[in-house]
file query13.txt (compact mmCIF, C-alpha atoms)
# COMPACT_ATOMS: atom_id res chain seq x y z
CA MET T 104 -100.42 32.95 170.00
CA GLU T 105 -98.27 30.18 171.43
CA PHE T 106 -95.26 30.26 173.77
CA LEU T 107 -93.10 27.24 174.43
CA LEU T 108 -91.92 26.44 177.94
CA LYS T 109 -89.32 23.95 179.12
CA GLN T 110 -92.07 21.69 180.46
CA GLY T 111 -95.01 22.58 178.24
CA ARG T 112 -96.56 25.53 176.47
CA VAL T 113 -98.81 28.56 176.96
CA MET T 114 -101.45 29.52 174.41
CA ALA T 115 -103.61 32.65 174.08
CA ILE T 116 -106.62 32.07 171.82
CA THR T 117 -109.97 33.65 170.99
CA LYS T 118 -113.44 32.29 171.70
CA GLU T 119 -113.83 31.03 168.13
CA LYS T 120 -110.63 29.00 168.32
CA ALA T 121 -111.62 27.69 171.74
CA GLU T 122 -114.92 26.42 170.32
CA LYS T 123 -113.15 24.57 167.50
CA ARG T 124 -110.74 23.08 170.02
CA TRP T 125 -113.16 21.93 172.75
CA VAL T 126 -116.63 21.79 171.22
CA ASP T 127 -116.77 18.02 171.75
CA ALA T 128 -115.19 18.08 175.22
CA ALA T 129 -117.27 17.30 178.30
CA PHE T 130 -116.36 20.62 179.90
CA TRP T 131 -117.15 22.79 176.86
CA ASP T 132 -120.57 23.87 178.16
CA GLU T 133 -118.96 25.26 181.29
CA ILE T 134 -116.27 27.12 179.36
CA GLU T 135 -118.86 28.48 176.94
CA TYR T 136 -120.88 29.77 179.89
CA MET T 137 -117.79 31.46 181.33
CA MET T 138 -117.19 33.27 178.03
CA GLU T 139 -120.70 34.74 177.83
CA GLN T 140 -120.66 38.54 177.89
CA ASP T 141 -124.07 39.23 179.43
CA ARG T 142 -123.53 37.71 182.84
CA MET T 143 -121.79 38.41 186.13
CA HIS T 144 -118.14 37.40 185.79
CA PHE T 145 -116.10 36.31 188.80
CA SER T 146 -112.86 34.46 189.50
CA ARG T 147 -113.24 30.75 190.13
CA ALA T 148 -111.68 27.37 189.42
CA GLU T 149 -113.07 23.86 188.89
CA VAL T 150 -110.74 20.92 189.34
CA MET T 151 -111.36 17.94 187.04
CA SER T 152 -109.60 14.59 186.97
CA ASP T 153 -106.85 15.62 184.57
CA ALA T 154 -107.20 19.40 184.21
CA VAL T 155 -108.41 22.63 185.79
CA ILE T 156 -110.75 25.12 184.16
CA GLY T 157 -111.81 28.47 185.48
CA GLU T 158 -111.95 32.21 185.07
CA VAL T 159 -109.79 35.08 186.32
CA VAL T 160 -111.36 38.54 186.62
CA TRP T 161 -109.47 41.68 187.57
CA HIS T 162 -109.58 45.45 187.09
CA PRO T 163 -106.45 46.84 185.43
CA GLY T 164 -104.85 50.10 186.50
CA ASP T 165 -106.29 51.95 189.46
CA GLY T 166 -109.78 50.68 188.63
CA HIS T 167 -111.48 54.09 188.72
CA ASP T 168 -113.75 52.97 185.91
CA SER T 169 -116.11 50.02 186.06
CA GLU T 170 -114.48 48.05 183.23
CA GLN T 171 -112.92 44.72 183.96
CA ILE T 172 -110.97 42.06 182.12
CA SER T 173 -111.96 38.41 182.18
CA ILE T 174 -109.78 35.49 181.10
CA VAL T 175 -111.03 31.92 180.88
CA PHE T 176 -108.27 29.38 181.41
CA TYR T 177 -107.64 25.68 180.85
CA LEU T 178 -104.70 24.11 182.69
CA ASP T 179 -103.30 20.63 182.52
CA LYS T 180 -99.85 19.06 182.91
CA ASP T 181 -98.70 20.03 179.43
CA GLU T 182 -100.31 23.35 178.61
CA LEU T 183 -102.04 26.48 179.84
CA VAL T 184 -104.65 27.88 177.46
CA LEU T 185 -105.99 31.40 178.02
CA VAL T 186 -109.16 32.51 176.24
CA GLY T 187 -110.05 36.18 175.97
CA GLU T 188 -111.20 38.78 173.47
CA LYS T 189 -108.59 41.24 172.23
CA SER T 190 -109.13 44.94 172.87
CA PRO T 191 -106.92 47.99 173.55
CA LYS T 192 -107.29 47.36 177.27
CA ASP T 193 -106.42 43.66 177.08
CA HIS T 194 -102.70 43.96 177.74
CA TRP T 195 -102.42 40.49 179.25
CA GLU T 196 -100.77 39.08 176.10
CA LYS T 197 -97.86 41.49 176.70
CA GLN T 198 -97.73 40.25 180.27
CA ILE T 199 -97.46 36.69 178.99
CA GLN T 200 -94.52 37.66 176.81
CA SER T 201 -92.80 39.43 179.70
CA LEU T 202 -93.10 36.32 181.91
CA ILE T 203 -91.58 33.92 179.40
CA GLY T 204 -87.95 33.17 180.23
CA GLY T 205 -85.90 33.64 183.37
CA GLU T 206 -86.75 30.21 184.75
CA ASP T 207 -85.45 27.06 183.04
CA ASP T 208 -87.94 24.57 184.50
CA LEU T 209 -91.02 26.74 184.10
CA SER T 210 -94.13 24.56 183.84
CA PRO T 211 -97.66 25.64 182.81
CA THR T 212 -98.78 25.60 186.46
CA ARG T 213 -95.88 27.68 187.72
CA PHE T 214 -96.36 30.05 184.80
CA PHE T 215 -100.03 30.42 185.77
CA ILE T 216 -99.02 31.29 189.34
CA ARG T 217 -96.57 33.89 188.06
CA LEU T 218 -99.27 35.32 185.80
CA LEU T 219 -101.64 35.74 188.75
CA ASP T 220 -98.90 37.58 190.65
CA GLU T 221 -98.24 39.77 187.61
CA LEU T 222 -101.89 40.77 187.29
CA LEU T 223 -101.93 42.18 190.82
CA LYS T 224 -98.39 43.53 191.09
CA ASP T 225 -99.51 47.20 191.03
CA ASP T 226 -102.46 46.85 193.41
CA ILE T 227 -100.48 47.65 196.55
CA LYS T 228 -99.25 50.86 194.87
CA HIS T 229 -102.81 51.91 194.10
CA LEU T 230 -103.90 51.18 197.67
CA GLN T 231 -100.96 53.17 199.05
CA ARG T 232 -101.89 56.09 196.78
CA ILE T 233 -105.44 56.02 198.14
CA GLU T 234 -104.11 55.86 201.70
CA ALA T 235 -101.83 58.88 201.09
CA THR T 236 -104.78 60.83 199.69
CA CYS T 237 -106.82 59.98 202.77
CA PHE T 238 -103.98 61.22 205.00
CA ARG T 239 -103.97 64.56 203.16
CA LEU T 240 -107.75 64.87 203.46
CA GLU T 241 -107.58 64.24 207.19
CA GLU T 242 -104.86 66.87 207.63
CA GLU T 243 -106.84 69.43 205.64
CA ILE T 244 -109.94 68.78 207.74
CA ASN T 245 -107.97 69.10 210.99
CA LYS T 246 -106.49 72.39 209.75
CA GLY T 247 -109.97 73.70 209.05
CA GLY T 248 -109.47 73.84 205.28
CA GLU T 249 -112.43 74.54 203.03
CA ILE T 250 -112.69 71.14 201.34
CA ASP T 251 -115.49 68.78 200.47
CA PRO T 252 -114.10 65.22 200.34
CA ALA T 253 -117.49 63.57 199.87
CA SER T 254 -117.25 62.99 196.11
CA LEU T 255 -113.64 61.73 196.24
CA LEU T 256 -114.36 59.41 199.18
CA ALA T 257 -117.45 58.06 197.42
CA ARG T 258 -115.37 57.22 194.34
CA TYR T 259 -112.69 55.54 196.45
CA ARG T 260 -115.27 53.55 198.42
CA LYS T 261 -116.73 52.27 195.15
CA LEU T 262 -113.27 51.29 193.96
CA LEU T 263 -112.40 49.54 197.23
CA LEU T 264 -115.71 47.69 197.25
CA THR T 265 -114.95 46.41 193.74
CA LYS T 266 -111.42 45.44 194.78
CA SER T 267 -112.74 43.72 197.90
CA PHE T 268 -115.07 41.51 195.82
CA GLN T 269 -112.23 40.80 193.41
CA TYR T 270 -109.91 39.71 196.21
CA GLN T 271 -112.55 37.52 197.86
CA GLN T 272 -113.15 35.68 194.60
CA MET T 273 -109.43 35.20 193.99
CA MET T 274 -108.98 33.89 197.53
CA ASP T 275 -111.71 31.32 196.96
CA MET T 276 -110.14 30.31 193.64
CA SER T 277 -106.65 30.01 195.17
CA ASP T 278 -107.95 28.01 198.14
CA THR T 279 -109.69 25.61 195.76
CA LEU T 280 -106.46 25.07 193.83
CA ALA T 281 -104.34 24.82 197.01
CA GLU T 282 -106.54 22.01 198.33
CA ASN T 283 -105.27 19.86 195.44
CA VAL T 284 -108.02 17.32 195.99
CA ASN T 285 -107.01 15.13 193.02
CA ASP T 286 -103.26 15.50 193.56
CA PHE T 287 -103.21 17.34 190.26
CA PHE T 288 -100.45 19.73 191.38
CA GLU T 289 -97.05 19.04 192.86
CA GLU T 290 -96.65 19.79 196.55
CA LYS T 291 -94.55 22.87 195.80
CA GLU T 292 -97.15 24.18 193.37
CA ALA T 293 -99.95 23.70 195.89
CA ARG T 294 -97.92 25.69 198.45
CA CYS T 295 -97.48 28.45 195.87
CA PHE T 296 -101.25 28.71 195.48
CA LEU T 297 -101.56 28.87 199.26
CA THR T 298 -98.95 31.66 199.39
CA PHE T 299 -100.82 33.56 196.69
CA SER T 300 -104.05 33.17 198.67
CA LYS T 301 -102.38 34.70 201.74
CA LYS T 302 -101.12 37.59 199.63
CA ILE T 303 -104.64 38.23 198.37
CA GLU T 304 -105.91 38.02 201.94
CA ARG T 305 -103.49 40.79 202.96
CA LEU T 306 -104.65 42.96 200.07
CA HIS T 307 -108.25 42.31 201.05
CA GLY T 308 -107.46 43.30 204.63
CA ARG T 309 -105.86 46.51 203.37
CA THR T 310 -108.99 47.44 201.43
CA GLN T 311 -111.16 46.81 204.50
CA MET T 312 -108.88 49.00 206.61
CA LEU T 313 -109.03 51.82 204.04
CA ARG T 314 -112.82 51.62 203.87
CA GLU T 315 -113.04 51.96 207.65
CA TYR T 316 -110.54 54.82 207.52
CA MET T 317 -112.73 56.64 204.98
CA ILE T 318 -115.72 56.26 207.28
CA GLN T 319 -113.68 57.90 210.05
CA ILE T 320 -112.73 60.76 207.71
CA SER T 321 -116.38 61.27 206.79
CA GLU T 322 -117.31 61.34 210.47
CA LEU T 323 -114.48 63.81 211.15
CA GLN T 324 -115.72 66.08 208.36
CA GLN T 325 -119.27 65.89 209.71
CA GLN T 326 -117.99 66.68 213.20
CA ARG T 327 -116.15 69.73 211.80
CA LEU T 328 -119.31 70.90 210.05
CA ASP T 329 -121.32 70.42 213.25
CA GLU T 330 -118.76 72.46 215.20
CA ASP T 331 -118.94 75.29 212.64
CA GLN T 332 -122.71 75.21 212.77
CA ASN T 333 -122.71 75.25 216.58
CA ARG T 334 -120.27 78.17 216.56
CA THR T 335 -122.53 80.10 214.21
CA MET T 336 -125.60 79.33 216.32
CA ARG T 337 -123.77 80.44 219.47
CA ILE T 338 -122.84 83.78 217.89
CA LEU T 339 -126.43 84.33 216.76
CA THR T 340 -127.65 83.47 220.25
CA MET T 341 -125.20 85.96 221.77
CA VAL T 342 -126.31 88.72 219.41
CA THR T 343 -129.96 87.98 220.16
CA THR T 344 -129.28 87.99 223.91
CA ILE T 345 -127.31 91.26 223.76
CA PHE T 346 -129.99 93.14 221.86
CA ALA T 347 -132.98 91.66 223.71
CA PRO T 348 -132.88 94.40 226.44
CA LEU T 349 -132.69 97.07 223.73
CA THR T 350 -135.78 95.57 222.15
CA LEU T 351 -137.49 95.88 225.52
CA VAL T 352 -136.46 99.55 225.79
CA ALA T 353 -137.64 100.26 222.25
CA GLY T 354 -140.96 98.60 222.91
CA TRP T 355 -141.31 100.37 226.23
CA TYR T 356 -140.75 103.87 224.89
CA GLY T 357 -142.68 103.12 221.75
CA MET T 358 -145.92 103.01 223.75
CA ASN T 359 -146.07 106.88 223.74
CA PHE T 360 -147.89 107.40 227.04
CA VAL T 361 -148.66 111.05 227.65
CA TYR T 362 -147.10 111.22 231.11
CA MET T 363 -143.77 109.55 230.31
CA PRO T 364 -141.29 112.05 231.87
CA GLU T 365 -138.46 111.42 229.40
CA LEU T 366 -140.57 112.49 226.40
CA LYS T 367 -140.32 116.21 227.24
CA SER T 368 -136.86 116.13 228.85
CA PRO T 369 -134.09 117.71 226.69
CA TYR T 370 -131.72 114.96 227.89
CA GLY T 371 -134.16 112.03 227.47
CA TYR T 372 -132.84 110.89 224.08
CA VAL T 373 -129.20 111.04 225.20
CA THR T 374 -130.04 109.33 228.46
CA VAL T 375 -131.66 106.37 226.65
CA ILE T 376 -128.67 106.09 224.28
CA VAL T 377 -126.20 106.06 227.17
CA ALA T 378 -128.31 103.53 229.09
CA CYS T 379 -128.46 101.21 226.05
CA GLY T 380 -124.71 101.56 225.55
CA VAL T 381 -124.06 100.67 229.21
CA ILE T 382 -126.32 97.63 228.88
CA ILE T 383 -124.48 96.41 225.75
CA VAL T 384 -121.01 96.95 227.28
CA GLY T 385 -122.07 95.23 230.48
CA GLU T 386 -123.39 92.19 228.62
CA ILE T 387 -120.27 91.92 226.47
CA TYR T 388 -118.08 92.13 229.58
CA TYR T 389 -120.13 89.42 231.28
CA PHE T 390 -119.97 87.06 228.29
CA LYS T 391 -116.23 87.53 227.90
CA LYS T 392 -115.70 86.89 231.60
CA LYS T 393 -117.66 83.66 231.30
CA ARG T 394 -115.72 82.83 228.10
CA LEU T 395 -118.92 82.61 226.14
CA LEU T 396 -117.83 85.17 223.58

call {"tool": "encode", "arguments": {"input": "query13.txt", "output": "structure tokens"}}
result
Amino acid sequence: MEFLLKQGRVMAITKEKAEKRWVDAAFWDEIEYMMEQDRMHFSRAEVMSDAVIGEVVWHPGDGHDSEQISIVFYLDKDELVLVGEKSPKDHWEKQIQSLIGGEDDLSPTRFFIRLLDELLKDDIKHLQRIEATCFRLEEEINKGGEIDPASLLARYRKLLLTKSFQYQQMMDMSDTLAENVNDFFEEKEARCFLTFSKKIERLHGRTQMLREYMIQISELQQQRLDEDQNRTMRILTMVTTIFAPLTLVAGWYGMNFVYMPELKSPYGYVTVIVACGVIIVGEIYYFKKKRLL
């Protein structure tokens, strides 16, 4: 697939076509390594004398799954070549089509910058959605709602960790391009890469803030569980304390000594019941007065 620009062209090709195109090039070994499936992919860029090669890795959508998309790119003054395998999830060709037009002097480099912006345009929405969910969880916990946010927070932490790595790699790639060590880019283009790097830095900061916020929510939930447990233990302690004297009375009169006067008294049973009732009422009154019950 090829798209013509005012100052060059953009091409989207497969690995097989890339091999036919660059198999004799000095940088082919590096590009071939980037296109290997069984390795850890990450965003990076390598500046050569007359071109830039590299790889862009990102997670489409909200990134709840572990799948990612990787695009190997070749950029020079006249063209931008993107290499990637086609699949139902690889919607980046549609993004290329949507970016064509609207700017008369669009060059391959400026198109590449716009493509990077396009890949991450929905990330702030996803982060805001996570933040709103965290707000609701915190409110439910403060209200004493019966919720267990552990599984949801664990999923979000995994997502944010993945996003954090993604942003760090893109920042490194953008900083490398912004340095413009070989004066490969125009001054305006180098500033655009620097602006993109700052944007990624803000997104990275947002993910770090959300991860810390989730830790606070987990601590709040644990604090709520500890309070409930302490309340239960306090009630059990009160019940045990209230009935401890009755246990003493039961043990006392359960000894069955022959000369215990209450054993033969017609009012002995009633007297013990009344005495136990007075003890219980007195203890309850004392605990309520001390605000322990």

call {"tool": "atom_distance", "arguments": {"input": "query13.txt", "atom1": "CA of Glu149 (chain T)", "atom2": "CA of Phe299 (chain T)"}}
result
17.5 Å

call {"tool": "residues_around", "arguments": {"input": "query13.txt", "residues": "region 275-280 of chain T", "least_positions_apart": "4", "cutoff": "12 Å", "atoms": "only C-alpha atoms", "output": "PDB file with C-alpha atoms, keeping the file's coordinate frame"}}
result
ATOM      1  CA  PHE T 145    -116.100  36.310 188.800  1.00  0.00           C
ATOM      2  CA  SER T 146    -112.860  34.460 189.500  1.00  0.00           C
ATOM      3  CA  ARG T 147    -113.240  30.750 190.130  1.00  0.00           C
ATOM      4  CA  ALA T 148    -111.680  27.370 189.420  1.00  0.00           C
ATOM      5  CA  GLU T 149    -113.070  23.860 188.890  1.00  0.00           C
ATOM      6  CA  VAL T 150    -110.740  20.920 189.340  1.00  0.00           C
ATOM      7  CA  MET T 151    -111.360  17.940 187.040  1.00  0.00           C
ATOM      8  CA  ALA T 154    -107.200  19.400 184.210  1.00  0.00           C
ATOM      9  CA  VAL T 155    -108.410  22.630 185.790  1.00  0.00           C
ATOM     10  CA  ILE T 156    -110.750  25.120 184.160  1.00  0.00           C
ATOM     11  CA  GLY T 157    -111.810  28.470 185.480  1.00  0.00           C
ATOM     12  CA  GLU T 158    -111.950  32.210 185.070  1.00  0.00           C
ATOM     13  CA  VAL T 159    -109.790  35.080 186.320  1.00  0.00           C
ATOM     14  CA  VAL T 160    -111.360  38.540 186.620  1.00  0.00           C
ATOM     15  CA  LEU T 178    -104.700  24.110 182.690  1.00  0.00           C
ATOM     16  CA  THR T 212     -98.780  25.600 186.460  1.00  0.00           C
ATOM     17  CA  PHE T 215    -100.030  30.420 185.770  1.00  0.00           C
ATOM     18  CA  ILE T 216     -99.020  31.290 189.340  1.00  0.00           C
ATOM     19  CA  LEU T 219    -101.640  35.740 188.750  1.00  0.00           C
ATOM     20  CA  ASP T 220     -98.900  37.580 190.650  1.00  0.00           C
ATOM     21  CA  PHE T 268    -115.070  41.510 195.820  1.00  0.00           C
ATOM     22  CA  GLN T 269    -112.230  40.800 193.410  1.00  0.00           C
ATOM     23  CA  TYR T 270    -109.910  39.710 196.210  1.00  0.00           C
ATOM     24  CA  GLN T 271    -112.550  37.520 197.860  1.00  0.00           C
ATOM     25  CA  VAL T 284    -108.020  17.320 195.990  1.00  0.00           C
ATOM     26  CA  ASN T 285    -107.010  15.130 193.020  1.00  0.00           C
ATOM     27  CA  ASP T 286    -103.260  15.500 193.560  1.00  0.00           C
ATOM     28  CA  PHE T 287    -103.210  17.340 190.260  1.00  0.00           C
ATOM     29  CA  PHE T 288    -100.450  19.730 191.380  1.00  0.00           C
ATOM     30  CA  GLU T 289     -97.050  19.040 192.860  1.00  0.00           C
ATOM     31  CA  GLU T 290     -96.650  19.790 196.550  1.00  0.00           C
ATOM     32  CA  GLU T 292     -97.150  24.180 193.370  1.00  0.00           C
ATOM     33  CA  ALA T 293     -99.950  23.700 195.890  1.00  0.00           C
ATOM     34  CA  ARG T 294     -97.920  25.690 198.450  1.00  0.00           C
ATOM     35  CA  CYS T 295     -97.480  28.450 195.870  1.00  0.00           C
ATOM     36  CA  PHE T 296    -101.250  28.710 195.480  1.00  0.00           C
ATOM     37  CA  LEU T 297    -101.560  28.870 199.260  1.00  0.00           C
ATOM     38  CA  THR T 298     -98.950  31.660 199.390  1.00  0.00           C
ATOM     39  CA  PHE T 299    -100.820  33.560 196.690  1.00  0.00           C
ATOM     40  CA  SER T 300    -104.050  33.170 198.670  1.00  0.00           C
ATOM     41  CA  LYS T 301    -102.380  34.700 201.740  1.00  0.00           C
ATOM     42  CA  LYS T 302    -101.120  37.590 199.630  1.00  0.00           C
ATOM     43  CA  ILE T 303    -104.640  38.230 198.370  1.00  0.00           C
ATOM     44  CA  GLU T 304    -105.910  38.020 201.940  1.00  0.00           C
TER      45      GLU T 304
END

call {"tool": "atom_distance", "arguments": {"input": "query13.txt", "atom1": "CA of Asp153 (chain T)", "atom2": "CA of Glu119 (chain T)"}}
result
23.6 Å

call {"tool": "residues_around", "arguments": {"input": "query13.txt", "residues": "Leu349 (chain T)", "least_positions_apart": "2", "cutoff": "12 Å", "atoms": "all atoms listed in the file", "output": "list of chain:residue names"}}
result
T:Val342, T:Thr343, T:Thr344, T:Ile345, T:Phe346, T:Ala347, T:Leu351, T:Val352, T:Ala353, T:Gly354, T:Trp355, T:Tyr356, T:Gly357, T:Val375, T:Ile376, T:Val377, T:Ala378, T:Cys379, T:Gly380, T:Val381, T:Ile382, T:Ile383, T:Glu386

call {"tool": "residues_around", "arguments": {"input": "query13.txt", "residues": "region 121-130 of chain T", "least_positions_apart": "3", "cutoff": "12 Å", "atoms": "all atoms listed in the file", "output": "list in words"}}
result
Met114, Ala115, Ile116, Thr117, Lys118, Glu133, Ile134, Glu135, Tyr136, Met137, Met138, Glu149, Val150, Met151, Ser152, Asp153, Ala154, Val155, Ile156, Gly157, Val175, Phe176, Tyr177, Val184, Leu185, Val186, Gly187 and Glu188 of chain T

call {"tool": "atom_distance", "arguments": {"input": "query13.txt", "atom1": "CA of Gln332 (chain T)", "atom2": "CA of Arg394 (chain T)"}}
result
18.5 Å

call {"tool": "residues_around", "arguments": {"input": "query13.txt", "residues": "Cys237 (chain T)", "least_positions_apart": "2", "cutoff": "10 Å", "atoms": "all atoms listed in the file", "output": "list in words"}}
result
Gln231, Arg232, Ile233, Glu234, Ala235, Arg239, Leu240, Glu241, Glu242, Glu243, Pro252, Leu255, Leu256, Tyr259, Leu313, Tyr316, Met317 and Ile320 of chain T

call {"tool": "residues_around", "arguments": {"input": "query13.txt", "residues": "Thr310 (chain T)", "least_positions_apart": "5", "cutoff": "8 Å", "atoms": "only C-alpha atoms", "output": "list in words"}}
result
Leu230, Leu263, Leu264, Lys266 and Ser267 of chain T
